[in-house]
Amino acid sequence: MTNHPRIAFIGGGNMAEAIIGGLLSCGYPISRCVISEPVQARCDFLHAKYPGLCILSGSDANRLAVNGSISSADESSDASAAATVSLQVNATNAQELSSLAAADVIILAVKPQVLRSVVVDLAPALLALQPLVISIAAGIETSAIARFMAEGGQDSQSSTLPPVIRVMPNTPALVLEGAAGMYATADATAEHRQLAESLMAAVSKKVCWVESEGLIDTVTGISGSGPAYFFLMMEAMEEAGVALGMDRETAKALTIQTCLGAAKMAQSSEDDLKTLRVKVTSPQGTTDAAIKTFEAGGFRDLVQKGVAAADARSRTLAKELGGSKL
Amino acid sequence: SMAVATTPAPATRLAVIGGGNMSEAIVGGLLGCGYPLDQCIVSEPTRARGEFLQNKYPGIQVLSGPNANHAAIQGCNASPKTAPTSEGSLFISPTAAAIGSRPADVVILAVKPQVLRPVLADLGPLLRTHKPLVISIAAGVETEAIARFMTGEDPSIASSELPPIIRVMPNTPSLVLEGAAGLYATPDASACQRQLAESIMSAVSKEVSWVEEEQLIDTVTGISGSGPAYFFLMMEAMEEAGVALGMDRETARRLTIQTCLGAAKMAQSSPDDLRTLRVKVTSPQGTTDAAIKTFEAGGFRDLVKKSVTAADHRSKSLAAELGRPLATSPAATSDPNIVGAKEFSNKL
């Protein structure tokens with residue numbers, strides 16, 4: 001990206017850290033990123049890991065991260081409230097804080113359970129600034145986020161809600177090997193979509209758009225929760241090796257590299273997954289013996305059931321966390 | 001251990017018997033590591049396949065036809081002839097360079113397991129004369145059987161006359177240089193020879209592990225040898241699940257495969273064990289928890305372990321079948337798994 005939008009991360013957890021780390025390793029200017037994080041120990045950790053990063057903490061931190069310099073903070077706060085505002089600011093960037101620009105992009109990276117109160121609190125700033133709002137919170141629909149913004153922005157002059165893009169990333173983003181599904185509300189422009197995609201591409205090797213929001217639950221079932229399925233598969237294979245007399249370290253190393261190699265083959269091949277499998281399964285051979293055992297045990301159905309369970313749980317969570325729904 | 005791709009000692013002359021996919025992968029991987037081209041001779045019985053390999057790797061020597069295996073191992077001073085003779089061309093290489101007279105230091109046996117017996121019976125005297133390091137990548141053939149085949153099942157030949165053997169169980173992702181391989185060496189293999197075998201396999205594998213008991217090669221088979229197919233099956237099922245839930249197939253496929261890759265990368269780069277990795281990403285009552293509970297309730301773990309074990313056991317059965325001493329009874333020679341020497345030479 002030649003133009004570097006100013007990004008405000010609301011919440012400094014693992015995924016926010018992964019995205020910032022990925023952006024920085026792509027050469028994104030650190031001065032264009034701000035994190036707001038309530039937990040002091042976490043702030044200290046982030047400060048130690050990213051010394052040049054502006055990290056905000058305290059009761060006004062979210063708003064400052066969004067609005068930029070203190071002079072544009074909520075004018076209705078009274079003097080005593082202003083006096084009790086305590087902000088921790090990364091020391092090396094104290095002088096730059098006063099010239100902190102307003103955010104172009106907000107990344108909501110807080111736990112789903114607190115998203116509502118965070119968005120309600122930020123709503124006036126969001127309505128005034130109209131940044132792109134990107135949510136990586138699981139189980140919170142864009143209509144819910146819009147509702148929270150409307151709820152918090154009732155007194156605002158502007159009634160236009162900023163566009164929202166919802167992202168379902170996954171943990172391998174931490175090693176820059178993420179898979180992400182994205183959904184944009186109708187008011188998001190092509191530029192907005194491109195921006196969101198570029199940001200997620202910093203930590204994801206595959207970024208896919210879905211055109212109906214219900215499919216984000218399916219993304220959750222496949223790539224959102226999927227890494228755990230493969231961890232479970234690998235754990236079982238490692239145990240099998242140990243039970244057959246292999247030392248654990250060898251069983252683990254061979255298993256993991258097999259998983260990696262299979263994925264690499266699948267990615268670089270034009271063949272579909274069934275063909276890839278059939279090609280390596282000589283009749284009556286060792287692979288055939290294993291696959292027949294999998295099939296006889298209903299492996300496919302079990303996997304599909306697991307994916308469907310995650311998808312269903314995602315839909316249920318969306319209802320629970322989204323509050324009232326028509 | 002994590003494979004370090006280093007060039008095998010520069011003067012190592014390599015003969016590869018059989019020019020199938022794995023041979024192609026190894027040759028390509030070695031060349032990619034800077035292995036000197038003129039030190040490698042591949043022998044491949046199918047002419048068209050031999051030509052394909054020669055075109056792909058112009059610098060190596062590819063031989064086909066009668067005595068190609070012998071020439072690959074022995075080396076010879078003759079210049080190649082490109083015109084077919086009545087026996088069929090011996091040499092495919094279009095270059096005028098002589099093959100070189102030095103016998104191979106390392107012979108890689110990359111033929112189908114079923115033909116290993118007659119191939120080794122044919123090459124036995126030559127291998128006993130030159131005693132190169134013999135590396136077998138044939139599934140299901142034990143080192144004891146390989147040694148016996150090299151004697152032509154003649155019990156009077158002492159094992160001390162035989163070259164050292166290293167048995168390798170590689171896997172298909174070697175074709176994209178992401179293999180996982182298990183190795184077993186007979187006791188007479190030197191540390192230098194073990195290192196050599198490891199270097200060669202490191203050209204196509206990211207993980208190379210030694211096992212100190214040969215029966216564990218069957219377990220390697222169950223895990224990494226056959227393992228890629230297990231993950232293909234898992235990914236296929238996840239893709240189908242996505243499609244059943246309304247996702248387009250391409251998106252389901254791409255997300256699934258990248259998830260598999262990402263999980264493996266996380267596991268490789270983390271000090272945590274696999275259980276801890278899973279627990280860390282499984283919030284109680286969340287979506288992942290719902291899926292994992294479904295897997296556990298359906299006996300996922302046990303099914304995986306059963307399947308790995310099935311492959312391990314099949315590997316042991318195959319080894320018993322393929323390694324069976326040749327009997328003179330008609331029943332044994334009619335076994336389709338065993339190709340007799342006479343039948344084999346008729347195929348050339």
# chains A, B, ... in the order shown; residues from 1 in each chain; ligands from 1

call {"tool": "residues_around", "arguments": {"residues": "Gly262 of chain B", "least_positions_apart": "6", "cutoff": "7 Å", "atoms": "only C-alpha atoms", "output": "list in words"}}
result
Pro172, Glu177 and Gly178 of chain A

call {"tool": "residues_around", "arguments": {"residues": "segment 239-242 of chain B", "least_positions_apart": "6", "cutoff": "6 Å", "atoms": "only C-alpha atoms", "output": "PDB file with C-alpha atoms, in the first residue's frame"}}
result
ATOM      1  CA  GLN A 304     -18.691 -32.992   8.445  1.00  0.00           C
TER       2      GLN A 304
ATOM      3  CA  ALA B 252     -14.251 -24.065   0.925  1.00  0.00           C
ATOM      4  CA  ARG B 253     -11.258 -25.759  -0.647  1.00  0.00           C
TER       5      ARG B 253
END

call {"tool": "residues_around", "arguments": {"residues": "segment 268-276 of chain A", "least_positions_apart": "3", "cutoff": "9 Å", "atoms": "only C-alpha atoms", "output": "list of chain:residue names"}}
result
A:Ala263, A:Lys264, A:Met265, A:Lys279, A:Val280, A:Thr281, B:Val176, B:Ala229, B:Phe232, B:Leu233, B:Met235, B:Glu236, B:Glu239, B:Arg253

call {"tool": "write_last_selection", "arguments": {"atoms": "all heavy atoms", "output": "compact mmCIF listing (two decimals), in the first residue's frame"}}
result
# COMPACT_ATOMS: atom_id res chain seq x y z
N ALA A 263 -0.64 -30.50 2.79
CA ALA A 263 -1.24 -29.20 2.48
C ALA A 263 -0.50 -28.54 1.32
O ALA A 263 -1.11 -27.97 0.42
CB ALA A 263 -1.22 -28.29 3.71
N LYS A 264 0.82 -28.64 1.33
CA LYS A 264 1.61 -28.03 0.26
C LYS A 264 1.31 -28.70 -1.08
O LYS A 264 1.21 -28.05 -2.12
CB LYS A 264 3.11 -28.14 0.58
CG LYS A 264 3.58 -27.22 1.68
CD LYS A 264 4.19 -25.94 1.13
CE LYS A 264 4.67 -25.03 2.25
NZ LYS A 264 5.26 -23.79 1.75
N MET A 265 1.19 -30.01 -1.06
CA MET A 265 0.84 -30.73 -2.29
C MET A 265 -0.52 -30.28 -2.79
O MET A 265 -0.71 -30.02 -3.97
CB MET A 265 0.79 -32.24 -2.04
CG MET A 265 2.12 -32.92 -2.13
SD MET A 265 1.92 -34.72 -2.09
CE MET A 265 1.41 -35.05 -3.78
N LYS A 279 -4.62 -41.02 -6.03
CA LYS A 279 -3.33 -41.19 -6.70
C LYS A 279 -2.27 -41.81 -5.79
O LYS A 279 -1.34 -42.45 -6.26
CB LYS A 279 -2.83 -39.85 -7.23
CG LYS A 279 -3.36 -39.44 -8.60
CD LYS A 279 -2.70 -38.15 -9.06
CE LYS A 279 -3.07 -37.83 -10.51
NZ LYS A 279 -2.48 -36.55 -10.97
N VAL A 280 -2.38 -41.57 -4.50
CA VAL A 280 -1.35 -42.09 -3.59
C VAL A 280 -1.82 -43.35 -2.87
O VAL A 280 -1.16 -43.82 -1.94
CB VAL A 280 -0.90 -41.03 -2.55
CG1 VAL A 280 -0.34 -39.82 -3.24
CG2 VAL A 280 -2.02 -40.68 -1.58
N THR A 281 -2.97 -43.89 -3.28
CA THR A 281 -3.53 -45.05 -2.57
C THR A 281 -3.51 -46.26 -3.49
O THR A 281 -4.48 -46.54 -4.19
CB THR A 281 -4.97 -44.74 -2.10
OG1 THR A 281 -4.97 -43.53 -1.36
CG2 THR A 281 -5.51 -45.86 -1.21
N VAL B 176 7.14 -32.05 -3.80
CA VAL B 176 7.18 -30.58 -3.66
C VAL B 176 8.22 -30.18 -2.62
O VAL B 176 8.12 -29.12 -2.01
CB VAL B 176 5.78 -30.00 -3.31
CG1 VAL B 176 4.81 -30.19 -4.47
CG2 VAL B 176 5.20 -30.62 -2.05
N ALA B 229 -2.36 -39.12 2.66
CA ALA B 229 -3.72 -39.47 2.24
C ALA B 229 -4.74 -39.23 3.34
O ALA B 229 -5.90 -38.89 3.07
CB ALA B 229 -3.77 -40.94 1.79
N PHE B 232 -5.50 -35.64 3.12
CA PHE B 232 -6.32 -35.38 1.93
C PHE B 232 -7.78 -35.73 2.23
O PHE B 232 -8.70 -35.01 1.86
CB PHE B 232 -5.83 -36.20 0.73
CG PHE B 232 -4.47 -35.82 0.21
CD1 PHE B 232 -3.64 -36.75 -0.40
CD2 PHE B 232 -4.01 -34.51 0.31
CE1 PHE B 232 -2.38 -36.40 -0.88
CE2 PHE B 232 -2.75 -34.14 -0.16
CZ PHE B 232 -1.94 -35.10 -0.76
N LEU B 233 -7.98 -36.86 2.92
CA LEU B 233 -9.34 -37.29 3.26
C LEU B 233 -10.00 -36.30 4.22
O LEU B 233 -11.16 -35.91 4.04
CB LEU B 233 -9.31 -38.69 3.89
CG LEU B 233 -10.68 -39.30 4.24
CD1 LEU B 233 -11.51 -39.52 2.99
CD2 LEU B 233 -10.51 -40.62 5.00
N MET B 235 -9.29 -33.13 4.59
CA MET B 235 -9.56 -31.89 3.89
C MET B 235 -10.74 -32.04 2.93
O MET B 235 -11.56 -31.14 2.79
CB MET B 235 -8.31 -31.42 3.13
CG MET B 235 -7.20 -30.92 4.06
SD MET B 235 -5.84 -30.12 3.15
CE MET B 235 -4.82 -31.55 2.75
N GLU B 236 -10.82 -33.21 2.29
CA GLU B 236 -11.94 -33.45 1.39
C GLU B 236 -13.26 -33.38 2.16
O GLU B 236 -14.23 -32.77 1.71
CB GLU B 236 -11.78 -34.84 0.74
CG GLU B 236 -12.82 -35.17 -0.31
CD GLU B 236 -12.73 -36.63 -0.79
OE1 GLU B 236 -11.67 -37.26 -0.60
OE2 GLU B 236 -13.72 -37.11 -1.35
N GLU B 239 -14.05 -29.77 3.05
CA GLU B 239 -14.52 -29.04 1.86
C GLU B 239 -15.98 -29.39 1.59
O GLU B 239 -16.81 -28.50 1.34
CB GLU B 239 -13.64 -29.40 0.66
CG GLU B 239 -14.03 -28.71 -0.63
CD GLU B 239 -13.28 -29.27 -1.84
OE1 GLU B 239 -12.04 -29.26 -1.82
OE2 GLU B 239 -13.95 -29.73 -2.79
N ARG B 253 -12.52 -25.07 -0.42
CA ARG B 253 -11.26 -25.76 -0.65
C ARG B 253 -10.07 -24.92 -0.20
O ARG B 253 -9.19 -25.39 0.53
CB ARG B 253 -11.15 -26.11 -2.14
CG ARG B 253 -9.82 -26.75 -2.53
CD ARG B 253 -9.66 -26.79 -4.05
NE ARG B 253 -8.28 -26.78 -4.43
CZ ARG B 253 -7.59 -27.86 -4.82
NH1 ARG B 253 -8.17 -29.04 -4.84
NH2 ARG B 253 -6.32 -27.75 -5.14

call {"tool": "select_by_dssp", "arguments": {"residues": "segment 21-255 of chain A", "states": "strand (DSSP E or B)", "output": "PyMOL selection string"}}
result
chain A and resi 33-36+54-57+88-89+105-108+132-135+164-168+178-184+204-209

call {"tool": "residues_around", "arguments": {"residues": "segment 129-134 of chain B", "least_positions_apart": "2", "cutoff": "8 Å", "atoms": "only C-alpha atoms", "output": "list in words"}}
result
Pro103, Ala104, Asp105, Val106, Val107, Ile108, Leu109, Pro125, Leu126, Leu127, Ser136, Leu162, Pro163, Pro164, Ile165, Ile166, Ala189 and Gln193 of chain B

call {"tool": "write_last_selection", "arguments": {"atoms": "C-alpha atoms", "output": "PDB file, in the first residue's frame"}}
result
ATOM      1  CA  PRO B 103      31.583 -47.215 -10.228  1.00  0.00           C
ATOM      2  CA  ALA B 104      28.795 -45.724  -8.146  1.00  0.00           C
ATOM      3  CA  ASP B 105      29.444 -44.869  -4.499  1.00  0.00           C
ATOM      4  CA  VAL B 106      25.725 -44.879  -3.808  1.00  0.00           C
ATOM      5  CA  VAL B 107      22.990 -46.925  -5.482  1.00  0.00           C
ATOM      6  CA  ILE B 108      19.404 -45.863  -4.921  1.00  0.00           C
ATOM      7  CA  LEU B 109      16.914 -48.686  -5.502  1.00  0.00           C
ATOM      8  CA  PRO B 125      27.443 -59.939  -8.283  1.00  0.00           C
ATOM      9  CA  LEU B 126      28.121 -56.358  -9.358  1.00  0.00           C
ATOM     10  CA  LEU B 127      27.002 -54.957  -5.994  1.00  0.00           C
ATOM     11  CA  SER B 136      16.305 -48.697  -0.873  1.00  0.00           C
ATOM     12  CA  LEU B 162      27.358 -57.614   0.889  1.00  0.00           C
ATOM     13  CA  PRO B 163      27.204 -53.835   0.766  1.00  0.00           C
ATOM     14  CA  PRO B 164      25.599 -51.920   3.639  1.00  0.00           C
ATOM     15  CA  ILE B 165      21.915 -51.190   3.189  1.00  0.00           C
ATOM     16  CA  ILE B 166      19.887 -48.215   4.288  1.00  0.00           C
ATOM     17  CA  ALA B 189      26.690 -48.842   7.540  1.00  0.00           C
ATOM     18  CA  GLN B 193      27.241 -43.487   4.985  1.00  0.00           C
TER      19      GLN B 193
END

call {"tool": "select_by_dssp", "arguments": {"residues": "segment 26-192 of chain B", "states": "alpha helix (DSSP H)", "output": "number ranges by chain"}}
result
B: 26-32, 47-56, 68-74, 116-130, 143-150, 191-192

call {"tool": "atom_distance", "arguments": {"atom1": "atom CA of Leu177 of chain B", "atom2": "atom CA of Lys206 of chain B"}}
result
7.3 Å

call {"tool": "closest_residue", "arguments": {"among": "A:Ala65, A:Ser282, A:Ala262, A:Gly322", "to": "chain B", "atoms": "only C-alpha atoms"}}
result
A:Ala262

call {"tool": "atom_distance", "arguments": {"atom1": "atom CA of Ala123 of chain A", "atom2": "atom CA of Arg147 of chain A"}}
result
10.2 Å

call {"tool": "residues_around", "arguments": {"residues": "Leu23 of chain A", "least_positions_apart": "5", "cutoff": "8 Å", "atoms": "only C-alpha atoms", "output": "PDB file with all heavy atoms, in the first residue's frame"}}
result
ATOM      1  N   TYR A  28       4.905  -1.699   7.032  1.00  0.00           N
ATOM      2  CA  TYR A  28       3.894  -0.686   7.352  1.00  0.00           C
ATOM      3  C   TYR A  28       4.468   0.274   8.396  1.00  0.00           C
ATOM      4  O   TYR A  28       5.067  -0.169   9.367  1.00  0.00           O
ATOM      5  CB  TYR A  28       2.624  -1.360   7.891  1.00  0.00           C
ATOM      6  CG  TYR A  28       1.379  -0.538   7.690  1.00  0.00           C
ATOM      7  CD1 TYR A  28       0.649  -0.643   6.517  1.00  0.00           C
ATOM      8  CD2 TYR A  28       0.929   0.354   8.668  1.00  0.00           C
ATOM      9  CE1 TYR A  28      -0.506   0.116   6.315  1.00  0.00           C
ATOM     10  CE2 TYR A  28      -0.206   1.114   8.474  1.00  0.00           C
ATOM     11  CZ  TYR A  28      -0.931   0.996   7.299  1.00  0.00           C
ATOM     12  OH  TYR A  28      -2.057   1.743   7.108  1.00  0.00           O
ATOM     13  N   LEU A 199      -5.069  -5.477   4.631  1.00  0.00           N
ATOM     14  CA  LEU A 199      -4.691  -5.608   6.036  1.00  0.00           C
ATOM     15  C   LEU A 199      -4.659  -7.081   6.447  1.00  0.00           C
ATOM     16  O   LEU A 199      -3.718  -7.540   7.087  1.00  0.00           O
ATOM     17  CB  LEU A 199      -5.658  -4.830   6.928  1.00  0.00           C
ATOM     18  CG  LEU A 199      -5.589  -3.305   6.800  1.00  0.00           C
ATOM     19  CD1 LEU A 199      -6.661  -2.634   7.647  1.00  0.00           C
ATOM     20  CD2 LEU A 199      -4.209  -2.795   7.204  1.00  0.00           C
ATOM     21  N   ALA A 202      -1.757  -9.268   5.303  1.00  0.00           N
ATOM     22  CA  ALA A 202      -0.477  -9.163   6.009  1.00  0.00           C
ATOM     23  C   ALA A 202      -0.228 -10.392   6.887  1.00  0.00           C
ATOM     24  O   ALA A 202       0.908 -10.716   7.204  1.00  0.00           O
ATOM     25  CB  ALA A 202      -0.443  -7.899   6.859  1.00  0.00           C
ATOM     26  N   VAL A 203      -1.301 -11.074   7.298  1.00  0.00           N
ATOM     27  CA  VAL A 203      -1.128 -12.230   8.182  1.00  0.00           C
ATOM     28  C   VAL A 203      -1.786 -13.498   7.639  1.00  0.00           C
ATOM     29  O   VAL A 203      -1.680 -14.554   8.256  1.00  0.00           O
ATOM     30  CB  VAL A 203      -1.691 -11.953   9.598  1.00  0.00           C
ATOM     31  CG1 VAL A 203      -0.872 -10.888  10.309  1.00  0.00           C
ATOM     32  CG2 VAL A 203      -3.160 -11.568   9.549  1.00  0.00           C
TER      33      VAL A 203
END
